[in-house]
Amino acid sequence: MSASKLKNQIGVLLLDKPLSLKEVTEIMEIKEKKAYTLLKGMFSDERVRSFKDADGARRYRNTETETEKALKRKAREEKKAAKENK
């Protein structure tokens with residue numbers, strides 16, 4: 001799968017709640033190095049922001065712009081899935 005599609009998937013994942021690198025790797029079933037590279041690229045493109053949580057773990061969340069785009073992607077995916085299930 002292309003890096004751009006994976007980044008888009010991460011954007012949709014981060015709609016629900018901020019996630020750590022490890023959580024992203026577990027949910028997407030990709031290697032930690034790959035997830036790190038994708039998140040680093042998204043950070044550079046100002047698609048995500050990172051912060052340290054109360055437990056000291058670094059977590060990532062979408063920027064406002066990415067949230068808007070991810071919501072549109074999620075709606076398209078849901079519409080497509082509903083159409084296929086008919």
# chains A, B, ... in the order shown; residues from 1 in each chain; ligands from 1
call {"tool": "residues_around", "arguments": {"residues": "segment 25-32 of chain A", "least_positions_apart": "5", "cutoff": "12 Å", "atoms": "only C-alpha atoms", "output": "number ranges by chain"}}
result
A: 1, 3, 5-14, 19-20, 37-40
call {"tool": "residues_around", "arguments": {"residues": "Lys17 of chain A", "least_positions_apart": "5", "cutoff": "10 Å", "atoms": "only C-alpha atoms", "output": "JSON, numbers by chain"}}
result
{"A": [59, 60, 61, 62]}
call {"tool": "select_by_dssp", "arguments": {"residues": "chain A", "states": "strand (DSSP E or B)", "output": "PyMOL selection string"}}
result
chain A and resi 19-20+48-52+58-62
call {"tool": "write_last_selection", "arguments": {"atoms": "N, CA and C atoms", "output": "PDB file, in the first residue's frame"}}
result
ATOM      1  N   LEU A  19      -3.261   8.894  19.496  1.00  0.00           N
ATOM      2  CA  LEU A  19      -2.648   7.580  19.637  1.00  0.00           C
ATOM      3  C   LEU A  19      -1.136   7.701  19.728  1.00  0.00           C
ATOM      4  N   SER A  20      -0.523   6.724  20.380  1.00  0.00           N
ATOM      5  CA  SER A  20       0.930   6.646  20.442  1.00  0.00           C
ATOM      6  C   SER A  20       1.436   5.894  19.209  1.00  0.00           C
ATOM      7  N   VAL A  48      -0.262  16.308  11.468  1.00  0.00           N
ATOM      8  CA  VAL A  48      -0.429  15.864  12.857  1.00  0.00           C
ATOM      9  C   VAL A  48       0.437  16.710  13.780  1.00  0.00           C
ATOM     10  N   ARG A  49       0.053  16.694  15.046  1.00  0.00           N
ATOM     11  CA  ARG A  49       0.847  17.333  16.092  1.00  0.00           C
ATOM     12  C   ARG A  49       1.144  16.271  17.131  1.00  0.00           C
ATOM     13  N   SER A  50       2.298  16.387  17.758  1.00  0.00           N
ATOM     14  CA  SER A  50       2.638  15.433  18.811  1.00  0.00           C
ATOM     15  C   SER A  50       2.660  16.164  20.150  1.00  0.00           C
ATOM     16  N   PHE A  51       2.402  15.396  21.199  1.00  0.00           N
ATOM     17  CA  PHE A  51       2.440  15.943  22.548  1.00  0.00           C
ATOM     18  C   PHE A  51       2.732  14.813  23.514  1.00  0.00           C
ATOM     19  N   LYS A  52       3.216  15.184  24.688  1.00  0.00           N
ATOM     20  CA  LYS A  52       3.463  14.185  25.738  1.00  0.00           C
ATOM     21  C   LYS A  52       2.229  14.118  26.617  1.00  0.00           C
ATOM     22  N   ARG A  58       4.438   9.786  24.176  1.00  0.00           N
ATOM     23  CA  ARG A  58       4.221  10.723  23.077  1.00  0.00           C
ATOM     24  C   ARG A  58       3.027  10.239  22.264  1.00  0.00           C
ATOM     25  N   ARG A  59       2.091  11.129  22.057  1.00  0.00           N
ATOM     26  CA  ARG A  59       0.891  10.801  21.287  1.00  0.00           C
ATOM     27  C   ARG A  59       0.753  11.784  20.133  1.00  0.00           C
ATOM     28  N   TYR A  60      -0.010  11.363  19.149  1.00  0.00           N
ATOM     29  CA  TYR A  60      -0.212  12.171  17.953  1.00  0.00           C
ATOM     30  C   TYR A  60      -1.695  12.450  17.777  1.00  0.00           C
ATOM     31  N   ARG A  61      -1.996  13.663  17.327  1.00  0.00           N
ATOM     32  CA  ARG A  61      -3.378  14.028  17.007  1.00  0.00           C
ATOM     33  C   ARG A  61      -3.375  14.839  15.717  1.00  0.00           C
ATOM     34  N   ASN A  62      -4.517  14.831  15.032  1.00  0.00           N
ATOM     35  CA  ASN A  62      -4.660  15.565  13.787  1.00  0.00           C
ATOM     36  C   ASN A  62      -4.661  17.071  14.026  1.00  0.00           C
TER      37      ASN A  62
END
call {"tool": "closest_residue", "arguments": {"among": "A:Asp16, A:Glu84, A:Glu46, A:Ala35", "to": "Thr65 of chain A", "atoms": "only C-alpha atoms"}}
result
A:Glu46
call {"tool": "atom_distance", "arguments": {"atom1": "atom CA of Ser2 of chain A", "atom2": "atom CA of Lys83 of chain A"}}
result
24.5 Å
call {"tool": "select_by_dssp", "arguments": {"residues": "chain A", "states": "helix (DSSP H, G or I)", "output": "JSON, numbers by chain"}}
result
{"A": [3, 4, 5, 6, 7, 8, 9, 10, 11, 12, 13, 21, 22, 23, 24, 25, 26, 27, 28, 32, 33, 34, 35, 36, 37, 38, 39, 40, 41, 42, 43, 44, 64, 65, 66, 67, 68, 69, 70, 71, 72, 73, 74, 75, 76, 77, 78, 79, 80, 81, 82, 83, 84]}
call {"tool": "closest_residue", "arguments": {"among": "A:Lys86, A:Ala75, A:Ser4, A:Val24", "to": "Asp45 of chain A", "atoms": "only C-alpha atoms"}}
result
A:Ser4
